[in-house]
>>> print(open('my_file19.cif').read())   # mmCIF, N, CA and C atoms
data_entry
loop_
_atom_site.label_atom_id
_atom_site.label_comp_id
_atom_site.auth_asym_id
_atom_site.auth_seq_id
_atom_site.Cartn_x
_atom_site.Cartn_y
_atom_site.Cartn_z
N MET Z 268 139.77 121.87 107.18
CA MET Z 268 139.96 122.38 105.84
C MET Z 268 139.18 121.55 104.82
N GLU Z 269 139.15 120.23 105.00
CA GLU Z 269 138.41 119.35 104.10
C GLU Z 269 136.92 119.68 104.11
N LYS Z 270 136.38 119.95 105.32
CA LYS Z 270 134.96 120.27 105.42
C LYS Z 270 134.62 121.54 104.66
N GLU Z 271 135.50 122.53 104.73
CA GLU Z 271 135.25 123.78 104.03
C GLU Z 271 135.22 123.56 102.53
N LYS Z 272 136.10 122.70 102.01
CA LYS Z 272 136.10 122.40 100.58
C LYS Z 272 134.82 121.68 100.18
N GLN Z 273 134.35 120.75 101.02
CA GLN Z 273 133.14 120.01 100.72
C GLN Z 273 131.93 120.93 100.78
N LYS Z 274 131.89 121.84 101.74
CA LYS Z 274 130.77 122.77 101.85
C LYS Z 274 130.68 123.67 100.63
N SER Z 275 131.82 124.11 100.13
CA SER Z 275 131.80 125.03 99.01
C SER Z 275 131.39 124.35 97.71
N THR Z 276 131.61 123.03 97.60
CA THR Z 276 131.23 122.32 96.38
C THR Z 276 129.83 121.73 96.46
N ALA Z 277 129.22 121.71 97.64
CA ALA Z 277 127.87 121.17 97.78
C ALA Z 277 126.85 122.16 97.21
N PRO Z 278 125.79 121.64 96.58
CA PRO Z 278 124.74 122.54 96.08
C PRO Z 278 124.07 123.28 97.23
N TRP Z 279 123.49 124.43 96.94
CA TRP Z 279 122.90 125.28 97.97
C TRP Z 279 121.72 124.61 98.66
N TRP Z 280 121.03 123.71 97.98
CA TRP Z 280 119.82 123.09 98.51
C TRP Z 280 120.10 121.84 99.34
N GLN Z 281 121.30 121.33 99.31
CA GLN Z 281 121.61 120.06 99.97
C GLN Z 281 121.42 120.09 101.49
N PRO Z 282 121.88 121.11 102.23
CA PRO Z 282 121.67 121.10 103.69
C PRO Z 282 120.19 121.09 104.07
N GLY Z 283 119.38 121.82 103.34
CA GLY Z 283 117.94 121.83 103.62
C GLY Z 283 117.29 120.49 103.39
N LEU Z 284 117.70 119.83 102.31
CA LEU Z 284 117.15 118.52 102.00
C LEU Z 284 117.57 117.48 103.03
N LEU Z 285 118.82 117.54 103.48
CA LEU Z 285 119.29 116.62 104.52
C LEU Z 285 118.53 116.83 105.83
N LEU Z 286 118.28 118.08 106.18
CA LEU Z 286 117.51 118.37 107.39
C LEU Z 286 116.09 117.83 107.26
N PHE Z 287 115.50 117.99 106.09
CA PHE Z 287 114.15 117.46 105.84
C PHE Z 287 114.12 115.95 106.03
N TYR Z 288 115.10 115.25 105.50
CA TYR Z 288 115.15 113.79 105.64
C TYR Z 288 115.33 113.36 107.09
N ARG Z 289 116.20 114.06 107.81
CA ARG Z 289 116.42 113.72 109.22
C ARG Z 289 115.15 113.92 110.04
N LEU Z 290 114.50 115.06 109.86
CA LEU Z 290 113.29 115.33 110.62
C LEU Z 290 112.15 114.41 110.23
N SER Z 291 112.04 114.08 108.95
CA SER Z 291 111.02 113.14 108.50
C SER Z 291 111.27 111.76 109.08
N GLY Z 292 112.52 111.38 109.18
CA GLY Z 292 112.88 110.10 109.79
C GLY Z 292 112.47 110.04 111.25
N TRP Z 293 112.60 111.17 111.95
CA TRP Z 293 112.18 111.21 113.35
C TRP Z 293 110.68 111.07 113.48
N ILE Z 294 109.94 111.47 112.47
CA ILE Z 294 108.49 111.33 112.53
C ILE Z 294 108.09 109.91 112.14
N ALA Z 295 108.56 109.45 111.00
CA ALA Z 295 108.10 108.17 110.44
C ALA Z 295 108.68 106.96 111.17
N GLY Z 296 109.96 106.98 111.49
CA GLY Z 296 110.61 105.81 112.07
C GLY Z 296 109.97 105.30 113.35
N PRO Z 297 109.92 106.11 114.39
CA PRO Z 297 109.32 105.63 115.64
C PRO Z 297 107.84 105.27 115.52
N ILE Z 298 107.09 106.01 114.71
CA ILE Z 298 105.66 105.73 114.59
C ILE Z 298 105.43 104.40 113.88
N ILE Z 299 106.15 104.16 112.79
CA ILE Z 299 105.99 102.89 112.07
C ILE Z 299 106.39 101.72 112.97
N LEU Z 300 107.49 101.86 113.68
CA LEU Z 300 107.93 100.81 114.60
C LEU Z 300 106.87 100.58 115.69
N ALA Z 301 106.31 101.65 116.22
CA ALA Z 301 105.30 101.54 117.27
C ALA Z 301 104.03 100.86 116.76
N LEU Z 302 103.66 101.09 115.51
CA LEU Z 302 102.48 100.44 114.96
C LEU Z 302 102.62 98.93 114.97
N PHE Z 303 103.76 98.45 114.51
CA PHE Z 303 103.97 97.01 114.46
C PHE Z 303 104.15 96.41 115.86
N VAL Z 304 104.94 97.06 116.69
CA VAL Z 304 105.18 96.55 118.05
C VAL Z 304 103.89 96.57 118.86
N GLY Z 305 103.13 97.64 118.75
CA GLY Z 305 101.87 97.76 119.49
C GLY Z 305 100.86 96.70 119.10
N ARG Z 306 100.72 96.47 117.80
CA ARG Z 306 99.79 95.42 117.33
C ARG Z 306 100.24 94.05 117.81
N TRP Z 307 101.54 93.79 117.74
CA TRP Z 307 102.06 92.50 118.17
C TRP Z 307 101.83 92.28 119.67
N LEU Z 308 102.12 93.31 120.47
CA LEU Z 308 101.92 93.19 121.91
C LEU Z 308 100.44 92.99 122.26
N ASP Z 309 99.56 93.71 121.57
CA ASP Z 309 98.13 93.54 121.82
C ASP Z 309 97.65 92.13 121.50
N LYS Z 310 98.14 91.57 120.41
CA LYS Z 310 97.75 90.20 120.07
C LYS Z 310 98.32 89.21 121.07
N LYS Z 311 99.54 89.44 121.51
CA LYS Z 311 100.20 88.51 122.43
C LYS Z 311 99.51 88.50 123.80
N TYR Z 312 99.15 89.66 124.31
CA TYR Z 312 98.59 89.77 125.65
C TYR Z 312 97.09 90.04 125.68
N GLN Z 313 96.43 90.03 124.54
CA GLN Z 313 94.98 90.30 124.41
C GLN Z 313 94.57 91.57 125.18
N THR Z 314 95.27 92.65 124.91
CA THR Z 314 95.00 93.92 125.60
C THR Z 314 94.52 95.00 124.64
N GLU Z 315 93.97 94.59 123.51
CA GLU Z 315 93.59 95.57 122.50
C GLU Z 315 92.74 96.68 123.07
N PRO Z 316 92.94 97.89 122.80
CA PRO Z 316 93.98 98.59 122.05
C PRO Z 316 95.01 99.24 122.95
N TRP Z 317 95.09 98.86 124.23
CA TRP Z 317 95.86 99.62 125.20
C TRP Z 317 97.36 99.63 124.95
N LEU Z 318 97.98 98.50 124.69
CA LEU Z 318 99.42 98.49 124.43
C LEU Z 318 99.75 99.15 123.10
N PHE Z 319 98.84 99.04 122.14
CA PHE Z 319 99.02 99.74 120.87
C PHE Z 319 99.05 101.25 121.09
N LEU Z 320 98.06 101.73 121.83
CA LEU Z 320 98.00 103.17 122.11
C LEU Z 320 99.19 103.64 122.94
N LEU Z 321 99.61 102.83 123.89
CA LEU Z 321 100.78 103.17 124.70
C LEU Z 321 102.04 103.26 123.84
N SER Z 322 102.22 102.30 122.94
CA SER Z 322 103.42 102.32 122.09
C SER Z 322 103.40 103.52 121.14
N VAL Z 323 102.24 103.87 120.62
CA VAL Z 323 102.15 105.05 119.74
C VAL Z 323 102.43 106.32 120.55
N GLY Z 324 101.95 106.39 121.76
CA GLY Z 324 102.22 107.55 122.62
C GLY Z 324 103.70 107.69 122.92
N ILE Z 325 104.35 106.58 123.23
CA ILE Z 325 105.80 106.61 123.49
C ILE Z 325 106.55 107.03 122.23
N ALA Z 326 106.12 106.51 121.08
CA ALA Z 326 106.75 106.89 119.81
C ALA Z 326 106.59 108.38 119.54
N PHE Z 327 105.44 108.93 119.87
CA PHE Z 327 105.21 110.36 119.70
C PHE Z 327 106.18 111.17 120.55
N ILE Z 328 106.37 110.74 121.79
CA ILE Z 328 107.30 111.44 122.69
C ILE Z 328 108.73 111.34 122.15
N ILE Z 329 109.13 110.15 121.70
CA ILE Z 329 110.47 109.96 121.13
C ILE Z 329 110.66 110.85 119.90
N SER Z 330 109.64 110.90 119.04
CA SER Z 330 109.71 111.74 117.84
C SER Z 330 109.88 113.21 118.20
N THR Z 331 109.10 113.64 119.18
CA THR Z 331 109.16 115.05 119.60
C THR Z 331 110.54 115.40 120.14
N ILE Z 332 111.10 114.53 120.97
CA ILE Z 332 112.43 114.78 121.53
C ILE Z 332 113.48 114.79 120.43
N GLY Z 333 113.42 113.83 119.51
CA GLY Z 333 114.40 113.77 118.42
C GLY Z 333 114.34 114.98 117.51
N ILE Z 334 113.14 115.40 117.16
CA ILE Z 334 112.98 116.58 116.30
C ILE Z 334 113.51 117.82 117.01
N THR Z 335 113.20 117.95 118.29
CA THR Z 335 113.66 119.12 119.04
C THR Z 335 115.18 119.16 119.11
N LYS Z 336 115.81 118.02 119.40
CA LYS Z 336 117.27 117.99 119.47
C LYS Z 336 117.90 118.33 118.13
N ASP Z 337 117.38 117.76 117.04
CA ASP Z 337 117.94 118.06 115.71
C ASP Z 337 117.73 119.53 115.34
N ALA Z 338 116.57 120.07 115.67
CA ALA Z 338 116.30 121.48 115.36
C ALA Z 338 117.23 122.40 116.13
N ILE Z 339 117.44 122.12 117.41
CA ILE Z 339 118.35 122.94 118.22
C ILE Z 339 119.77 122.86 117.68
N ARG Z 340 120.21 121.64 117.32
CA ARG Z 340 121.55 121.47 116.76
C ARG Z 340 121.70 122.26 115.45
N GLU Z 341 120.67 122.23 114.62
CA GLU Z 341 120.72 122.95 113.35
C GLU Z 341 120.74 124.47 113.57
N LEU Z 342 119.95 124.95 114.52
CA LEU Z 342 119.94 126.38 114.82
C LEU Z 342 121.30 126.85 115.33
N LYS Z 343 121.94 126.04 116.16
CA LYS Z 343 123.28 126.40 116.65
C LYS Z 343 124.29 126.44 115.50
N ARG Z 344 124.17 125.48 114.58
CA ARG Z 344 125.07 125.46 113.42
C ARG Z 344 124.87 126.71 112.56
N ILE Z 345 123.62 127.10 112.35
CA ILE Z 345 123.33 128.30 111.56
C ILE Z 345 123.87 129.55 112.26
N GLU Z 346 123.71 129.63 113.57
CA GLU Z 346 124.24 130.78 114.32
C GLU Z 346 125.75 130.86 114.19
N GLN Z 347 126.43 129.72 114.26
CA GLN Z 347 127.89 129.71 114.12
C GLN Z 347 128.31 130.17 112.73
N GLU Z 348 127.59 129.72 111.70
CA GLU Z 348 127.90 130.15 110.34
C GLU Z 348 127.69 131.65 110.19
N ASP Z 349 126.61 132.17 110.77
CA ASP Z 349 126.35 133.61 110.70
C ASP Z 349 127.45 134.40 111.40
N LYS Z 350 127.87 133.94 112.57
CA LYS Z 350 128.94 134.63 113.29
C LYS Z 350 130.23 134.62 112.48
N LYS Z 351 130.50 133.49 111.83
CA LYS Z 351 131.71 133.37 111.03
C LYS Z 351 131.65 134.33 109.83
N GLU Z 352 130.48 134.43 109.20
CA GLU Z 352 130.33 135.35 108.08
C GLU Z 352 130.55 136.80 108.52
N VAL Z 353 129.99 137.15 109.67
CA VAL Z 353 130.16 138.51 110.19
C VAL Z 353 131.63 138.78 110.49
N GLN Z 354 132.31 137.81 111.10
CA GLN Z 354 133.72 137.98 111.41
C GLN Z 354 134.55 138.11 110.14
N ASP Z 355 134.22 137.33 109.12
CA ASP Z 355 134.93 137.42 107.84
C ASP Z 355 134.73 138.78 107.19
N LYS Z 356 133.51 139.33 107.26
CA LYS Z 356 133.24 140.65 106.69
C LYS Z 356 134.00 141.72 107.43
N ILE Z 357 134.06 141.60 108.75
CA ILE Z 357 134.79 142.59 109.57
C ILE Z 357 136.28 142.50 109.25
N ALA Z 358 136.80 141.29 109.10
CA ALA Z 358 138.23 141.09 108.82
C ALA Z 358 138.61 141.65 107.45
N LYS Z 359 137.70 141.60 106.49
CA LYS Z 359 137.98 142.10 105.13
C LYS Z 359 138.02 143.61 105.09
N LYS Z 360 137.32 144.27 106.02
CA LYS Z 360 137.30 145.75 106.03
C LYS Z 360 138.57 146.22 106.56
#
>>> encode(input="my_file19.cif", output="structure tokens")
Amino acid sequence: MEKEKQKSTAPWWQPGLLLFYRLSGWIAGPIILALFVGRWLDKKYQTEPWLFLLSVGIAFIISTIGITKDAIRELKRIEQEDKKEVQDKIAKK
């Protein structure tokens, strides 16, 4: 019941903005971390640019998996809301 009250008072644009931030975080977070870790590993082991490239590749895979999981979760949430709206309309008739 509390969630329903919060949803009704939230602005219409808030869910979209939150999704944008989450997906942007999945892109920026792993890549930025990989840049620093890759450079550090290359300097430590004198393997330039191989460990850097490997860390960026791993970060890309992590980003892709994270974005896909969040997108699927969001699509399921939207489908549930649509089903609930349809059921509410049917119940009102």
>>> atom_distance(input="my_file19.cif", atom1="CA of Ile329 in chain Z", atom2="CA of Thr314 in chain Z")
22.7 Å
>>> atom_distance(input="my_file19.cif", atom1="CA of Glu346 in chain Z", atom2="CA of Ala358 in chain Z")
18.2 Å
>>> residues_around(input="my_file19.cif", residues="Ile334 in chain Z", least_positions_apart="3", cutoff="7 Å", atoms="all atoms listed in the file", output="ChimeraX atom specification")
/Z:290,293-294,329-331,337-339
>>> atom_distance(input="my_file19.cif", atom1="atom C of Pro316 in chain Z", atom2="CA of Phe303 in chain Z")
12.5 Å
>>> closest_residue(input="my_file19.cif", among="Z:Ile357, Z:Ile298, Z:Leu284, Z:Leu342", to="Phe327 in chain Z", atoms="only N, CA and C atoms")
Z:Ile298
>>> resolve_selection(input="my_file19.cif", expression="the PyMOL selection byres (((chain Z and resi 304 and name CA) around 12) and name CA)", output="PDB file with N, CA and C atoms, in the frame of the given file")
ATOM      1  N   PRO Z 297     109.920 106.110 114.390  1.00  0.00           N
ATOM      2  CA  PRO Z 297     109.320 105.630 115.640  1.00  0.00           C
ATOM      3  C   PRO Z 297     107.840 105.270 115.520  1.00  0.00           C
ATOM      4  N   ILE Z 298     107.090 106.010 114.710  1.00  0.00           N
ATOM      5  CA  ILE Z 298     105.660 105.730 114.590  1.00  0.00           C
ATOM      6  C   ILE Z 298     105.430 104.400 113.880  1.00  0.00           C
ATOM      7  N   ILE Z 299     106.150 104.160 112.790  1.00  0.00           N
ATOM      8  CA  ILE Z 299     105.990 102.890 112.070  1.00  0.00           C
ATOM      9  C   ILE Z 299     106.390 101.720 112.970  1.00  0.00           C
ATOM     10  N   LEU Z 300     107.490 101.860 113.680  1.00  0.00           N
ATOM     11  CA  LEU Z 300     107.930 100.810 114.600  1.00  0.00           C
ATOM     12  C   LEU Z 300     106.870 100.580 115.690  1.00  0.00           C
ATOM     13  N   ALA Z 301     106.310 101.650 116.220  1.00  0.00           N
ATOM     14  CA  ALA Z 301     105.300 101.540 117.270  1.00  0.00           C
ATOM     15  C   ALA Z 301     104.030 100.860 116.760  1.00  0.00           C
ATOM     16  N   LEU Z 302     103.660 101.090 115.510  1.00  0.00           N
ATOM     17  CA  LEU Z 302     102.480 100.440 114.960  1.00  0.00           C
ATOM     18  C   LEU Z 302     102.620  98.930 114.970  1.00  0.00           C
ATOM     19  N   PHE Z 303     103.760  98.450 114.510  1.00  0.00           N
ATOM     20  CA  PHE Z 303     103.970  97.010 114.460  1.00  0.00           C
ATOM     21  C   PHE Z 303     104.150  96.410 115.860  1.00  0.00           C
ATOM     22  N   GLY Z 305     103.130  97.640 118.750  1.00  0.00           N
ATOM     23  CA  GLY Z 305     101.870  97.760 119.490  1.00  0.00           C
ATOM     24  C   GLY Z 305     100.860  96.700 119.100  1.00  0.00           C
ATOM     25  N   ARG Z 306     100.720  96.470 117.800  1.00  0.00           N
ATOM     26  CA  ARG Z 306      99.790  95.420 117.330  1.00  0.00           C
ATOM     27  C   ARG Z 306     100.240  94.050 117.810  1.00  0.00           C
ATOM     28  N   TRP Z 307     101.540  93.790 117.740  1.00  0.00           N
ATOM     29  CA  TRP Z 307     102.060  92.500 118.170  1.00  0.00           C
ATOM     30  C   TRP Z 307     101.830  92.280 119.670  1.00  0.00           C
ATOM     31  N   LEU Z 308     102.120  93.310 120.470  1.00  0.00           N
ATOM     32  CA  LEU Z 308     101.920  93.190 121.910  1.00  0.00           C
ATOM     33  C   LEU Z 308     100.440  92.990 122.260  1.00  0.00           C
ATOM     34  N   ASP Z 309      99.560  93.710 121.570  1.00  0.00           N
ATOM     35  CA  ASP Z 309      98.130  93.540 121.820  1.00  0.00           C
ATOM     36  C   ASP Z 309      97.650  92.130 121.500  1.00  0.00           C
ATOM     37  N   LYS Z 310      98.140  91.570 120.410  1.00  0.00           N
ATOM     38  CA  LYS Z 310      97.750  90.200 120.070  1.00  0.00           C
ATOM     39  C   LYS Z 310      98.320  89.210 121.070  1.00  0.00           C
ATOM     40  N   LYS Z 311      99.540  89.440 121.510  1.00  0.00           N
ATOM     41  CA  LYS Z 311     100.200  88.510 122.430  1.00  0.00           C
ATOM     42  C   LYS Z 311      99.510  88.500 123.800  1.00  0.00           C
ATOM     43  N   LEU Z 318      97.980  98.500 124.690  1.00  0.00           N
ATOM     44  CA  LEU Z 318      99.420  98.490 124.430  1.00  0.00           C
ATOM     45  C   LEU Z 318      99.750  99.150 123.100  1.00  0.00           C
ATOM     46  N   PHE Z 319      98.840  99.040 122.140  1.00  0.00           N
ATOM     47  CA  PHE Z 319      99.020  99.740 120.870  1.00  0.00           C
ATOM     48  C   PHE Z 319      99.050 101.250 121.090  1.00  0.00           C
ATOM     49  N   LEU Z 320      98.060 101.730 121.830  1.00  0.00           N
ATOM     50  CA  LEU Z 320      98.000 103.170 122.110  1.00  0.00           C
ATOM     51  C   LEU Z 320      99.190 103.640 122.940  1.00  0.00           C
ATOM     52  N   LEU Z 321      99.610 102.830 123.890  1.00  0.00           N
ATOM     53  CA  LEU Z 321     100.780 103.170 124.700  1.00  0.00           C
ATOM     54  C   LEU Z 321     102.040 103.260 123.840  1.00  0.00           C
ATOM     55  N   SER Z 322     102.220 102.300 122.940  1.00  0.00           N
ATOM     56  CA  SER Z 322     103.420 102.320 122.090  1.00  0.00           C
ATOM     57  C   SER Z 322     103.400 103.520 121.140  1.00  0.00           C
ATOM     58  N   VAL Z 323     102.240 103.870 120.620  1.00  0.00           N
ATOM     59  CA  VAL Z 323     102.150 105.050 119.740  1.00  0.00           C
ATOM     60  C   VAL Z 323     102.430 106.320 120.550  1.00  0.00           C
ATOM     61  N   ILE Z 325     104.350 106.580 123.230  1.00  0.00           N
ATOM     62  CA  ILE Z 325     105.800 106.610 123.490  1.00  0.00           C
ATOM     63  C   ILE Z 325     106.550 107.030 122.230  1.00  0.00           C
ATOM     64  N   ALA Z 326     106.120 106.510 121.080  1.00  0.00           N
ATOM     65  CA  ALA Z 326     106.750 106.890 119.810  1.00  0.00           C
ATOM     66  C   ALA Z 326     106.590 108.380 119.540  1.00  0.00           C
TER      67      ALA Z 326
END
>>> select_by_dssp(input="my_file19.cif", residues="range 270-317 of chain Z", states="alpha helix (DSSP H)", output="NGL selection string")
:Z and (270-276 or 281-312 or 317)
>>> closest_residue(input="my_file19.cif", among="Z:Gln354, Z:Gly333, Z:Trp279, Z:Arg340", to="Gly292 in chain Z", atoms="only C-alpha atoms")
Z:Gly333
>>> axis_aligned_box(input="my_file19.cif", around="range 292-295 of chain Z", padding_each_side="5 Å", output="AutoDock Vina command-line options")
--center_x 110.5 --center_y 109.2 --center_z 111.3 --size_x 14.8 --size_y 14.5 --size_z 14.3
